[in-house]
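Novice: Just input.tsv, nothing more (TSV, C-alpha atoms and all ligand atoms):
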```tsv
chain	number	residue	atom	x	y	z
I	1	MET	CA	38.21	0.70	9.97
I	2	ASP	CA	41.66	0.46	8.40
I	3	ASN	CA	42.82	2.36	5.37
I	4	GLN	CA	40.31	0.91	2.92
I	5	PRO	CA	39.39	3.42	0.21
I	6	LEU	CA	35.92	4.87	0.75
I	7	LYS	CA	33.06	3.37	-1.20
I	8	ILE	CA	30.96	5.77	-3.29
I	9	LEU	CA	28.22	6.03	-0.70
I	10	GLU	CA	30.73	6.66	2.06
I	11	HIS	CA	31.94	9.70	0.12
I	12	TYR	CA	28.32	10.77	0.18
I	13	GLY	CA	28.18	10.35	3.97
I	14	TRP	CA	27.02	6.76	4.44
I	15	ASN	CA	28.17	5.52	7.86
I	16	SER	CA	27.65	2.77	10.45
I	17	VAL	CA	24.61	4.52	11.96
I	18	PHE	CA	22.76	4.52	8.63
I	19	GLN	CA	24.03	1.01	7.95
I	20	ASP	CA	22.53	-0.19	11.25
I	21	SER	CA	19.10	1.22	10.48
I	22	PHE	CA	19.32	-0.16	6.96
I	23	THR	CA	20.37	-3.74	7.79
I	24	PRO	CA	16.83	-5.13	8.31
I	25	LEU	CA	15.71	-3.46	5.06
I	26	ALA	CA	18.50	-5.03	3.03
I	27	GLU	CA	16.82	-8.41	3.56
I	28	LYS	CA	13.91	-7.22	1.42
I	29	GLY	CA	16.24	-6.71	-1.52
I	30	TRP	CA	16.23	-2.94	-1.09
I	31	ILE	CA	19.30	-0.78	-1.59
I	32	PRO	CA	20.38	2.44	0.10
I	33	GLY	CA	20.52	5.73	-1.76
I	34	ARG	CA	20.82	9.43	-1.00
I	35	ILE	CA	18.48	12.02	-2.46
I	36	ILE	CA	20.54	14.53	-4.43
I	37	ALA	CA	17.59	16.32	-6.06
I	38	HIS	CA	13.85	16.03	-6.47
I	39	ALA	CA	11.37	17.38	-8.95
I	40	ARG	CA	7.75	16.74	-9.81
I	41	GLY	CA	7.37	13.97	-7.28
I	42	LYS	CA	10.44	12.08	-8.50
I	43	LEU	CA	13.65	11.66	-6.59
I	44	LEU	CA	17.14	11.64	-8.06
I	45	THR	CA	19.29	9.47	-5.84
I	46	VAL	CA	22.85	8.28	-5.81
I	47	THR	CA	23.40	4.60	-5.07
I	48	GLU	CA	26.46	2.35	-4.99
I	49	ALA	CA	25.64	1.56	-8.65
I	50	GLY	CA	25.31	5.19	-9.72
I	51	GLU	CA	22.44	7.64	-10.08
I	52	LEU	CA	18.91	6.31	-9.99
I	53	TRP	CA	15.54	8.03	-10.45
I	54	CYS	CA	12.98	6.88	-7.91
I	55	SER	CA	9.24	7.16	-7.92
I	56	ILE	CA	6.98	7.44	-4.92
I	57	PRO	CA	4.39	4.67	-4.71
I	58	GLY	CA	0.91	6.05	-3.99
I	59	SER	CA	0.65	4.11	-0.74
I	60	PHE	CA	3.97	5.54	0.45
I	61	GLY	CA	2.90	9.05	-0.49
I	62	ARG	CA	-0.34	8.64	1.44
I	63	SER	CA	1.36	7.26	4.53
I	64	MET	CA	3.87	10.13	4.45
I	65	GLU	CA	0.99	12.56	4.27
I	66	ALA	CA	-0.84	10.83	7.11
I	67	GLU	CA	2.22	10.89	9.32
I	68	GLY	CA	3.09	14.44	8.33
I	69	ILE	CA	6.53	13.47	7.12
I	70	THR	CA	8.31	14.26	3.91
I	71	TYR	CA	11.58	13.74	2.09
I	72	CYS	CA	14.18	16.28	1.12
I	73	THR	CA	17.58	16.58	-0.47
I	74	GLY	CA	20.19	14.89	1.70
I	75	ASP	CA	17.84	12.16	2.94
I	76	TRP	CA	19.03	8.56	2.95
I	77	ILE	CA	16.34	6.23	1.71
I	78	ALA	CA	15.71	2.55	1.07
I	79	ILE	CA	15.00	1.87	-2.61
I	80	GLU	CA	13.32	-1.09	-4.22
I	81	PRO	CA	15.14	-1.15	-7.56
I	82	TYR	CA	13.33	-2.19	-10.73
I	83	GLN	CA	14.43	-5.54	-12.18
I	84	ASP	CA	16.15	-3.82	-15.10
I	85	ASN	CA	17.79	-1.21	-12.83
I	86	THR	CA	16.37	1.72	-14.80
I	87	GLY	CA	14.83	3.16	-11.65
I	88	GLY	CA	13.21	2.25	-8.41
I	89	LEU	CA	10.65	2.97	-5.74
I	90	ILE	CA	11.25	4.76	-2.47
I	91	ARG	CA	10.34	2.40	0.36
I	92	LYS	CA	11.62	4.10	3.49
I	93	ILE	CA	13.27	7.26	4.72
I	94	LEU	CA	16.09	6.40	7.12
I	95	PRO	CA	16.20	8.27	10.44
I	96	ARG	CA	18.00	11.58	10.01
I	97	MET	CA	21.11	12.63	11.90
I	98	THR	CA	20.24	16.30	11.41
I	99	ALA	CA	17.51	18.25	9.63
I	100	LEU	CA	17.43	21.88	8.58
I	101	LYS	CA	13.92	23.26	8.78
I	102	ARG	CA	12.43	26.64	8.28
I	103	LEU	CA	10.94	28.17	11.39
I	104	SER	CA	7.55	26.68	11.92
I	105	THR	CA	4.75	29.08	11.16
I	106	GLY	CA	2.20	26.53	12.30
I	107	GLY	CA	0.96	23.58	10.33
I	108	GLY	CA	3.27	20.81	9.19
I	109	SER	CA	3.67	21.59	5.54
I	110	ARG	CA	5.96	19.56	3.36
I	111	SER	CA	8.08	22.57	2.43
I	112	GLN	CA	9.22	23.03	6.03
I	113	LEU	CA	12.13	20.64	5.57
I	114	LEU	CA	15.08	22.16	3.71
I	115	ALA	CA	17.96	19.67	3.91
I	116	ALA	CA	18.78	16.48	5.80
I	117	ASN	CA	21.86	14.84	7.24
I	118	ILE	CA	24.05	17.88	7.12
I	119	ASP	CA	27.09	18.53	9.32
I	120	THR	CA	27.57	22.21	8.59
I	121	VAL	CA	25.24	25.05	7.68
I	122	PHE	CA	27.14	27.67	5.71
I	123	ILE	CA	25.39	31.00	6.22
I	124	VAL	CA	26.52	32.93	3.18
I	125	MET	CA	26.34	36.72	3.08
I	126	GLY	CA	27.72	39.11	0.50
I	127	LEU	CA	29.81	42.05	1.66
I	128	ASP	CA	28.17	44.19	-0.95
I	129	LYS	CA	24.69	45.05	0.25
I	130	ASN	CA	23.85	41.81	1.93
I	131	PHE	CA	25.72	42.18	5.22
I	132	ASN	CA	23.36	41.93	8.16
I	133	PRO	CA	24.53	40.58	11.57
I	134	ALA	CA	20.95	40.27	12.88
I	135	ARG	CA	19.99	38.08	9.95
I	136	ALA	CA	23.12	35.96	10.40
I	137	GLU	CA	22.08	35.49	13.99
I	138	ARG	CA	18.61	34.30	13.04
I	139	MET	CA	20.01	31.92	10.46
I	140	ALA	CA	22.44	30.60	13.08
I	141	VAL	CA	19.43	29.81	15.27
I	142	LEU	CA	17.98	27.68	12.48
I	143	ALA	CA	21.34	26.01	12.01
I	144	TRP	CA	21.83	25.17	15.70
I	145	ASP	CA	18.27	23.90	15.74
I	146	SER	CA	19.08	21.53	12.88
I	147	GLY	CA	21.82	19.84	14.89
I	148	ALA	CA	24.52	21.03	12.51
I	149	GLN	CA	27.33	23.52	13.12
I	150	PRO	CA	26.72	27.00	11.72
I	151	VAL	CA	29.56	28.78	9.93
I	152	VAL	CA	29.27	32.27	8.48
I	153	ILE	CA	30.86	32.98	5.12
I	154	LEU	CA	31.30	36.65	4.28
I	155	ASN	CA	31.68	36.45	0.53
I	156	LYS	CA	32.74	39.21	-1.88
I	157	ALA	CA	35.48	40.27	0.54
I	158	ASP	CA	37.28	41.60	-2.55
I	159	LEU	CA	34.77	44.46	-2.59
I	160	VAL	CA	35.59	45.93	0.83
I	161	ASP	CA	38.71	47.51	2.36
I	162	ASP	CA	38.53	45.94	5.78
I	163	PRO	CA	36.84	42.50	5.90
I	164	LYS	CA	38.08	42.08	9.48
I	165	ALA	CA	35.69	44.77	10.71
I	166	TYR	CA	32.73	42.78	9.34
I	167	THR	CA	34.08	39.55	10.77
I	168	GLU	CA	34.25	41.09	14.24
I	169	ARG	CA	30.66	42.28	14.09
I	170	ILE	CA	29.43	38.76	13.31
I	171	GLU	CA	31.65	37.27	16.00
I	172	ALA	CA	30.14	39.68	18.50
I	173	SER	CA	26.53	38.93	17.60
I	174	SER	CA	26.82	35.18	16.88
I	175	PRO	CA	29.09	33.64	19.50
I	176	GLY	CA	30.37	30.15	18.76
I	177	VAL	CA	29.97	30.64	15.03
I	178	PRO	CA	33.23	30.70	13.05
I	179	VAL	CA	33.38	33.46	10.45
I	180	PHE	CA	35.27	33.28	7.16
I	181	PRO	CA	35.73	36.32	4.94
I	182	VAL	CA	36.28	34.98	1.42
I	183	SER	CA	36.07	35.89	-2.22
I	184	ALA	CA	34.65	33.28	-4.52
I	185	VAL	CA	35.97	35.30	-7.43
I	186	THR	CA	39.61	35.84	-6.36
I	187	GLY	CA	39.78	32.70	-4.22
I	188	LEU	CA	40.83	34.75	-1.19
I	189	GLY	CA	40.20	32.85	2.05
I	190	THR	CA	38.64	29.83	0.35
I	191	GLU	CA	41.55	27.58	1.36
I	192	ASP	CA	40.60	28.12	5.02
I	193	LEU	CA	37.07	26.96	4.23
I	194	ARG	CA	38.31	23.62	2.96
I	195	GLY	CA	39.25	22.59	6.48
I	196	ILE	CA	35.61	22.73	7.60
I	197	LEU	CA	34.36	19.72	5.69
I	198	SER	CA	36.04	16.40	4.93
I	199	PRO	CA	35.12	13.41	2.76
I	200	GLY	CA	31.81	11.99	3.99
I	201	LYS	CA	30.66	15.27	5.52
I	202	THR	CA	27.90	17.45	4.10
I	203	GLY	CA	27.45	21.21	4.17
I	204	VAL	CA	24.52	23.25	2.99
I	205	PHE	CA	24.56	26.80	1.64
I	206	MET	CA	21.97	29.17	3.04
I	207	GLY	CA	21.69	32.79	2.02
I	208	SER	CA	19.95	35.28	-0.22
I	209	SER	CA	19.97	34.99	-3.94
I	210	GLY	CA	23.00	36.69	-5.47
I	211	VAL	CA	25.40	36.38	-2.53
I	212	GLY	CA	27.58	34.03	-4.57
I	213	LYS	CA	26.65	30.55	-3.34
I	214	SER	CA	26.92	28.92	-6.74
I	215	THR	CA	30.13	30.77	-7.58
I	216	LEU	CA	31.60	29.58	-4.31
I	217	LEU	CA	30.56	26.00	-5.01
I	218	ASN	CA	32.33	26.17	-8.36
I	219	THR	CA	35.44	27.73	-6.81
I	220	LEU	CA	35.64	25.04	-4.14
I	221	ALA	CA	35.11	22.30	-6.72
I	222	GLY	CA	37.49	23.82	-9.23
I	223	ALA	CA	34.84	23.13	-11.85
I	224	ALA	CA	31.61	24.66	-13.09
I	225	LEU	CA	29.16	22.45	-11.23
I	226	ARG	CA	26.51	25.09	-10.94
I	227	LYS	CA	25.61	27.94	-13.24
I	228	THR	CA	25.80	31.34	-11.63
I	229	GLN	CA	23.49	34.29	-12.09
I	230	ALA	CA	25.76	36.21	-14.42
I	231	VAL	CA	26.11	33.16	-16.64
I	232	ARG	CA	22.40	32.62	-16.59
I	233	GLU	CA	21.79	36.18	-17.72
I	234	ALA	CA	24.37	35.87	-20.46
I	235	ASP	CA	23.02	32.69	-21.98
I	236	GLY	CA	19.62	34.33	-22.14
I	237	ARG	CA	17.76	31.16	-21.29
I	238	GLY	CA	16.83	32.19	-17.78
I	239	ARG	CA	16.55	30.08	-14.67
I	240	HIS	CA	15.58	26.92	-16.49
I	241	THR	CA	19.20	26.19	-17.39
I	242	THR	CA	20.31	25.56	-13.81
I	243	SER	CA	21.10	21.95	-13.17
I	244	LEU	CA	18.57	19.98	-11.22
I	245	ARG	CA	21.15	18.49	-8.91
I	246	GLU	CA	21.25	20.07	-5.46
I	247	LEU	CA	23.74	17.91	-3.61
I	248	PHE	CA	27.25	17.97	-5.08
I	249	LEU	CA	30.14	15.68	-4.26
I	250	ILE	CA	33.44	17.52	-4.30
I	251	PRO	CA	36.22	14.92	-4.25
I	252	GLY	CA	38.52	15.35	-1.29
I	253	LEU	CA	36.28	17.99	0.28
I	254	GLY	CA	32.87	16.48	1.02
I	255	CYS	CA	29.35	17.23	-0.16
I	256	ILE	CA	27.66	20.58	-0.53
I	257	ILE	CA	23.97	21.23	-0.96
I	258	ASP	CA	23.31	24.32	-3.09
I	259	SER	CA	19.59	24.49	-3.47
I	260	PRO	CA	17.85	27.48	-5.02
I	261	GLY	CA	15.01	26.73	-2.59
I	262	ILE	CA	17.13	27.35	0.48
I	263	ARG	CA	17.57	31.04	0.85
I	264	GLU	CA	16.42	32.14	4.21
I	265	VAL	CA	12.78	31.33	3.91
I	266	GLY	CA	10.79	31.43	7.11
I	267	LEU	CA	13.12	33.89	8.77
I	268	SER	CA	12.10	37.30	7.68
I	269	VAL	CA	11.21	36.82	4.11
I	270	ASP	CA	10.35	40.17	2.72
I	271	GLU	CA	8.44	41.13	-0.37
I	272	GLU	CA	11.66	41.63	-2.29
I	273	GLY	CA	12.97	38.20	-1.36
I	274	LEU	CA	9.67	36.65	-2.33
I	275	ASN	CA	9.65	38.33	-5.71
I	276	SER	CA	13.20	37.36	-6.50
I	277	ALA	CA	12.64	33.78	-5.37
I	278	PHE	CA	9.56	33.50	-7.55
I	279	SER	CA	10.45	35.89	-10.33
I	280	ASP	CA	9.27	33.33	-12.91
I	281	VAL	CA	5.81	33.05	-11.31
I	282	VAL	CA	5.55	36.79	-10.74
I	283	ASP	CA	6.48	37.52	-14.37
I	284	GLU	CA	3.98	35.00	-15.67
I	285	ILE	CA	1.15	36.26	-13.49
I	286	GLU	CA	1.87	39.80	-14.53
I	287	ALA	CA	1.76	38.86	-18.19
I	288	LEU	CA	-1.38	36.76	-17.79
I	289	ALA	CA	-3.24	39.32	-15.68
I	290	ALA	CA	-3.52	41.59	-18.72
I	291	SER	CA	-5.93	39.03	-20.21
I	292	CYS	CA	-8.12	38.60	-17.12
I	293	ARG	CA	-11.69	39.81	-17.65
I	294	PHE	CA	-11.59	42.11	-14.62
I	295	SER	CA	-8.79	44.61	-14.30
I	296	ASP	CA	-8.76	44.14	-10.50
I	297	CYS	CA	-8.83	40.33	-10.75
I	298	THR	CA	-7.30	38.65	-7.69
I	299	HIS	CA	-6.96	35.34	-9.60
I	300	GLN	CA	-8.93	33.51	-6.98
I	301	GLY	CA	-11.71	32.02	-9.01
I	302	GLU	CA	-13.16	35.08	-10.72
I	303	PRO	CA	-14.79	34.31	-14.09
I	304	GLY	CA	-12.58	34.90	-17.11
I	305	CYS	CA	-9.37	34.72	-15.07
I	306	ALA	CA	-6.37	34.06	-17.32
I	307	VAL	CA	-4.26	32.86	-14.41
I	308	SER	CA	-6.81	30.20	-13.45
I	309	ALA	CA	-6.98	29.14	-17.09
I	310	ALA	CA	-3.19	28.87	-17.30
I	311	LEU	CA	-3.17	26.79	-14.13
I	312	ALA	CA	-5.88	24.51	-15.49
I	313	ASP	CA	-3.99	24.11	-18.77
I	314	GLY	CA	-0.74	23.41	-16.99
I	315	VAL	CA	0.88	26.41	-18.66
I	316	LEU	CA	1.57	27.76	-15.19
I	317	SER	CA	2.89	25.16	-12.76
I	318	GLN	CA	0.26	24.49	-10.09
I	319	GLU	CA	2.93	23.35	-7.64
I	320	ARG	CA	5.08	26.43	-8.09
I	321	TYR	CA	2.09	28.76	-7.96
I	322	GLN	CA	0.91	27.16	-4.72
I	323	SER	CA	4.32	27.49	-3.07
I	324	TYR	CA	4.42	31.09	-4.24
I	325	LEU	CA	1.04	31.79	-2.62
I	326	LYS	CA	2.09	30.00	0.54
I	327	LEU	CA	5.24	32.08	0.91
I	328	LYS	CA	3.33	35.23	0.03
I	329	ARG	CA	0.93	34.54	2.91
I	330	GLU	CA	3.93	33.95	5.17
I	331	VAL	CA	5.45	37.28	4.15
I	332	GLU	CA	2.18	39.08	4.80
I	333	PHE	CA	1.79	37.35	8.15
I	334	ALA	CA	5.37	38.17	9.17
I	335	ALA	CA	4.87	41.78	8.12
I	336	SER	CA	1.68	42.11	10.15
I	337	ARG	CA	3.37	40.56	13.17
I	338	GLU	CA	6.26	42.97	12.79
I	339	ASP	CA	3.78	45.84	12.65
I	340	ASP	CA	2.17	44.59	15.86
I	341	ARG	CA	5.53	44.33	17.54
I	342	LEU	CA	6.50	47.86	16.52
I	343	LYS	CA	3.13	49.14	17.67
I	344	ARG	CA	3.54	47.45	21.07
I	345	GLU	CA	7.06	48.82	21.37
I	346	ARG	CA	5.86	52.30	20.53
I	347	GLU	CA	3.05	52.06	23.06
I	348	LYS	CA	5.41	50.80	25.75
I	349	LYS	CA	7.82	53.61	25.01
I	350	TRP	CA	5.04	56.19	25.48
I	351	LYS	CA	3.88	54.49	28.66
I	352	ASP	CA	7.46	54.59	29.97
I	353	ILE	CA	7.76	58.26	29.07
I	354	ALA	CA	4.46	59.01	30.78
I	355	LYS	CA	5.54	57.09	33.88
I	356	TYR	CA	8.89	58.86	33.91
I	357	SER	CA	7.30	62.29	33.67
I	358	ARG	CA	4.86	61.41	36.48
I	359	GLU	CA	7.84	60.41	38.62
I	360	LEU	CA	9.65	63.61	37.73
I	361	LYS	CA	6.62	65.63	38.75
I	362	LYS	CA	6.34	63.71	42.04
I	363	ARG	CA	10.00	64.29	42.76
I	364	GLU	CA	9.68	67.98	41.95
I	365	GLY	CA	6.72	68.13	44.28
I	366	THR	CA	8.68	66.80	47.25
J	1	LIG	N1	32.97	40.73	-6.55
J	1	LIG	C1	32.53	39.50	-6.30
J	1	LIG	N2	31.44	39.01	-6.97
J	1	LIG	C2	31.02	37.77	-6.70
J	1	LIG	C3	31.68	36.95	-5.75
J	1	LIG	N3	31.02	35.76	-5.70
J	1	LIG	C4	30.00	35.84	-6.58
J	1	LIG	N4	29.99	37.04	-7.18
J	1	LIG	C5	29.04	37.49	-8.22
J	1	LIG	O1	27.75	37.58	-7.65
J	1	LIG	C6	26.75	37.20	-8.60
J	1	LIG	C7	25.82	36.15	-8.04
J	1	LIG	O2	26.54	34.94	-7.86
J	1	LIG	P1	25.81	33.52	-7.73
J	1	LIG	O3	26.90	32.54	-7.42
J	1	LIG	O4	24.96	33.23	-8.88
J	1	LIG	O5	24.89	33.77	-6.44
J	1	LIG	P2	23.83	32.79	-5.75
J	1	LIG	O6	22.49	33.30	-6.15
J	1	LIG	O7	24.03	32.95	-4.26
J	1	LIG	O8	24.11	31.41	-6.21
J	1	LIG	C8	27.52	36.77	-9.83
J	1	LIG	O9	27.52	37.82	-10.75
J	1	LIG	C9	28.90	36.48	-9.33
J	1	LIG	O10	29.89	36.68	-10.31
J	1	LIG	C10	32.83	37.49	-5.07
J	1	LIG	O11	33.47	36.85	-4.22
J	1	LIG	N5	33.20	38.76	-5.39
J	2	MG	MG	22.84	30.02	-7.12
J	3	ZN	ZN	-7.18	36.68	-12.90
```
The structure in this file should be written as structure tokens.
Specialist:
Amino acid sequence: MDNQPLKILEHYGWNSVFQDSFTPLAEKGWIPGRIIAHARGKLLTVTEAGELWCSIPGSFGRSMEAEGITYCTGDWIAIEPYQDNTGGLIRKILPRMTALKRLSTGGGSRSQLLAANIDTVFIVMGLDKNFNPARAERMAVLAWDSGAQPVVILNKADLVDDPKAYTERIEASSPGVPVFPVSAVTGLGTEDLRGILSPGKTGVFMGSSGVGKSTLLNTLAGAALRKTQAVREADGRGRHTTSLRELFLIPGLGCIIDSPGIREVGLSVDEEGLNSAFSDVVDEIEALAASCRFSDCTHQGEPGCAVSAALADGVLSQERYQSYLKLKREVEFAASREDDRLKREREKKWKDIAKYSRELKKREGT
């Protein structure tokens, strides 16, 4: 291609590979679009004509379920637009170039898929209390597995004396993964990050809540695209004020997916991570539990359960509650596995010690 300016969709990553798989679909009058957010079974997409909300036809939903496939932010899809262009229907998910998934814990659930068609996975850690080379390593495994290039961002470098020391530890434990110490607040090191993406490329932020992903997005964009935690606390309206959009186009830089749902789920989610990810659900359950008939109610169908009533009334989101329970089971499962592993290690250690002392005795005997 010569120096034609990029079309909108090309800025969003549209290329000849997607075009090839789309060509036969264009004949049906369908148009291509990229999912930039989804909520309550509706997809917000960007198309050559601008943003378009798409619905999922029942038949499509059923066939996705049957085939065990799902959509996620970053997917390219074929859309059948309504006559009046006020929306459309998703008709096909185009084959993905890459897909970031959480580690499979068995069973093909729809929440396994985190982001699609990404070039770079930015593993974001905070140099406050969030630094953990082992965790970076596990996240890098997920990233490599997705087909994208992992990059570690050590944010909040303004808070430590010697960022280089942290950089070296990651470089030692995660070979082949570039490491960037930055500060989203002072801007330190963020210029170096700009070289990673380019127009048409997509990165995704992965990392615990509070490490500064949204702040970094805003710093890179030079605009407040995403509300940050401090802002959210200040405006007193809680998490509901965050924008729905998850995939952001930063002119001249590329696209970045900043999704509250992508922390590090499926790695070693701990109780704390679970509670912070679902603080809204946890708070609501806690408040509701006071009205349950039984003080030791497990909210699993007991009579007079306020949580069940809230779910039935739609006061508590069924979808969110279910994903909370699912992750909670995962946490419990991971914890029990970890216990087993520690137990085995302990047993092996004692066996080794016993063997060693037998050998010592033998040697002494000779
Ligand atoms: N000192 C310092 N604080 C930061 C930096 N980046 C973000 N923060 C703060 O960390 C908190 C969480 O940031 P946020 O972007 O909401 O984190 P997210 O949950 O990963 O999106 C906010 O209070 C930010 O101001 C940084 O580079 N240095
Ligand atoms: Mg955020
Ligand atoms: Zn209950």
Novice: Would you compute the distance between atom CA of I:Lys326 and atom CA of I:Val281? Give it in Å to one decimal.
Specialist: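 Atom CA of I:Lys326 sits 12.8 Å away from atom CA of I:Val281.
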Novice: Could you tell me how far atom CA of I:Leu327 lies from atom CA of I:Asp75, in Å and to one decimal?
Specialist: 23.7 Å
Novice: Please produce, as CSV, a per-residue contact table for stretch 4-53 of chain I versus stretch 248-259 of chain I (criterion: any atom at most 9 Å away, only C-alpha atoms considered), showing the nearest atom pair and its distance in Å to one decimal, sorted by chain then residue number.
Specialist:
```
residue,atom,partner,partner_atom,distance
I:His11,CA,I:Gly254,CA,6.9
I:Tyr12,CA,I:Cys255,CA,6.6
I:Gly13,CA,I:Cys255,CA,8.1
I:Ile36,CA,I:Phe248,CA,7.6
I:Ala37,CA,I:Ser259,CA,8.8
```
Novice: Print the selection's residues with C-alpha atoms to a file, as a CSV table (one decimal), in the frame of the given file.
Specialist:
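So the final result, stored in again.csv, reads:
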```csv
chain,number,residue,atom,x,y,z
I,11,HIS,CA,31.9,9.7,0.1
I,12,TYR,CA,28.3,10.8,0.2
I,13,GLY,CA,28.2,10.4,4.0
I,36,ILE,CA,20.5,14.5,-4.4
I,37,ALA,CA,17.6,16.3,-6.1
```
Novice: Please identify the residues whose atoms come within 9 Å of ligand MG 2 (chain J), using only C-alpha atoms and all ligand atoms, and report them as a VMD selection string.
Specialist: chain I and resid 209 to 215 217 226 to 229 242 258 to 260
Novice: At what distance in Å, to one decimal, does atom CA of I:Ala134 lie from atom N2 of ligand LIG 1 (chain J)?
Specialist: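 Spanning atom N2 of ligand LIG 1 (chain J) to atom CA of I:Ala134 is a straight-line distance of 22.5 Å.
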Novice: Which residue out of I:Asn85, I:Thr186, I:Ser291, I:Asn15 has the minimum interatomic distance to ligand LIG 1 (chain J) when only C-alpha atoms and all ligand atoms are used?
Specialist: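 Ranked by minimum distance to ligand LIG 1 (chain J), first place goes to I:Thr186.
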Novice: Can you tell me, as a PDB file with C-alpha atoms, in the frame of the given file, what residues are no more than 12 Å from I:Gln318 when counting all atoms listed in the file, ignoring any on the same chain fewer than 5 positions away?
Specialist:
```
ATOM      1  CA  ARG I  40       7.750  16.740  -9.810  1.00  0.00           C
ATOM      2  CA  VAL I 281       5.810  33.050 -11.310  1.00  0.00           C
ATOM      3  CA  VAL I 307      -4.260  32.860 -14.410  1.00  0.00           C
ATOM      4  CA  SER I 308      -6.810  30.200 -13.450  1.00  0.00           C
ATOM      5  CA  ALA I 309      -6.980  29.140 -17.090  1.00  0.00           C
ATOM      6  CA  ALA I 310      -3.190  28.870 -17.300  1.00  0.00           C
ATOM      7  CA  LEU I 311      -3.170  26.790 -14.130  1.00  0.00           C
ATOM      8  CA  ALA I 312      -5.880  24.510 -15.490  1.00  0.00           C
ATOM      9  CA  ASP I 313      -3.990  24.110 -18.770  1.00  0.00           C
ATOM     10  CA  SER I 323       4.320  27.490  -3.070  1.00  0.00           C
ATOM     11  CA  TYR I 324       4.420  31.090  -4.240  1.00  0.00           C
ATOM     12  CA  LEU I 325       1.040  31.790  -2.620  1.00  0.00           C
TER      13      LEU I 325
END
```
Novice: Need the shell around I:Ser173: protein/DNA/RNA residues with any atom at most 12 Å away, counting all atoms listed in the file. Skip same-chain ones fewer than 5 positions apart. Format as a list in words?
Specialist: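 Everything that qualifies: Asn132, Pro133, Ala134, Arg135, Ala136, Glu137, Arg138, Met139, Ala140, Val141, Val152, Tyr166, Thr167, Glu168, Pro178 and Val179 of chain I.
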Novice: Which of these residues is nearest to ligand LIG 1 (chain J), using all atoms listed in the file: I:Ala290, I:Cys305, I:Ile285, I:Leu216?
Specialist: I:Leu216
Novice: Hey, which of I:Ser55, I:Gln149, I:Thr202, I:Ser208 ends up closest to I:Lys42? Count only C-alpha atoms.
Specialist: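 That would be I:Ser55, the residue with the smallest distance to I:Lys42.
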Novice: Step by step, measure atom-to-atom distances between ligand ZN 3 (chain J) and each residue using all atoms listed in the file, keep those at most 7 Å, then write them as a PyMOL selection string.
Specialist: chain I and resi 289+292+297-300+302+305-308
Novice: For those residues, write C-alpha atoms to a file as a JSON list (two decimals), in the coordinates of the input.
Specialist:
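Saved result, again.json, follows:
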```
[["chain", "number", "residue", "atom", "x", "y", "z"],
["I", 289, "ALA", "CA", -3.24, 39.32, -15.68],
["I", 292, "CYS", "CA", -8.12, 38.60, -17.12],
["I", 297, "CYS", "CA", -8.83, 40.33, -10.75],
["I", 298, "THR", "CA", -7.30, 38.65, -7.69],
["I", 299, "HIS", "CA", -6.96, 35.34, -9.60],
["I", 300, "GLN", "CA", -8.93, 33.51, -6.98],
["I", 302, "GLU", "CA", -13.16, 35.08, -10.72],
["I", 305, "CYS", "CA", -9.37, 34.72, -15.07],
["I", 306, "ALA", "CA", -6.37, 34.06, -17.32],
["I", 307, "VAL", "CA", -4.26, 32.86, -14.41],
["I", 308, "SER", "CA", -6.81, 30.20, -13.45]]
```
Novice: Please put the answer as AutoDock Vina command-line options: centre and edge lengths, in Å with one decimal, of a box along x, y and z that encloses all listed atoms of ligand LIG 1 (chain J) plus 6 Å on each side.
Specialist:
```
--center_x 28.0 --center_y 36.1 --center_z -7.5 --size_x 23.0 --size_y 21.3 --size_z 18.5
```
Novice: Closest to ligand LIG 1 (chain J) among I:Lys129, I:Arg363, I:Arg344, I:Arg34, using all atoms listed in the file?
Specialist: I:Lys129
Novice: Which one of I:Ser183, I:Asn275, I:Ser357, I:Asn218 sits closest to ligand LIG 1 (chain J) if you count all atoms listed in the file?
Specialist: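 Among the listed residues, I:Ser183 lies closest to ligand LIG 1 (chain J).
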Novice: Using all atoms listed in the file, which residue out of I:Gly29, I:Pro181, I:Gly50, I:Pro199 lies closest to ligand LIG 1 (chain J)?
Specialist: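 The closest residue to ligand LIG 1 (chain J) is I:Pro181.
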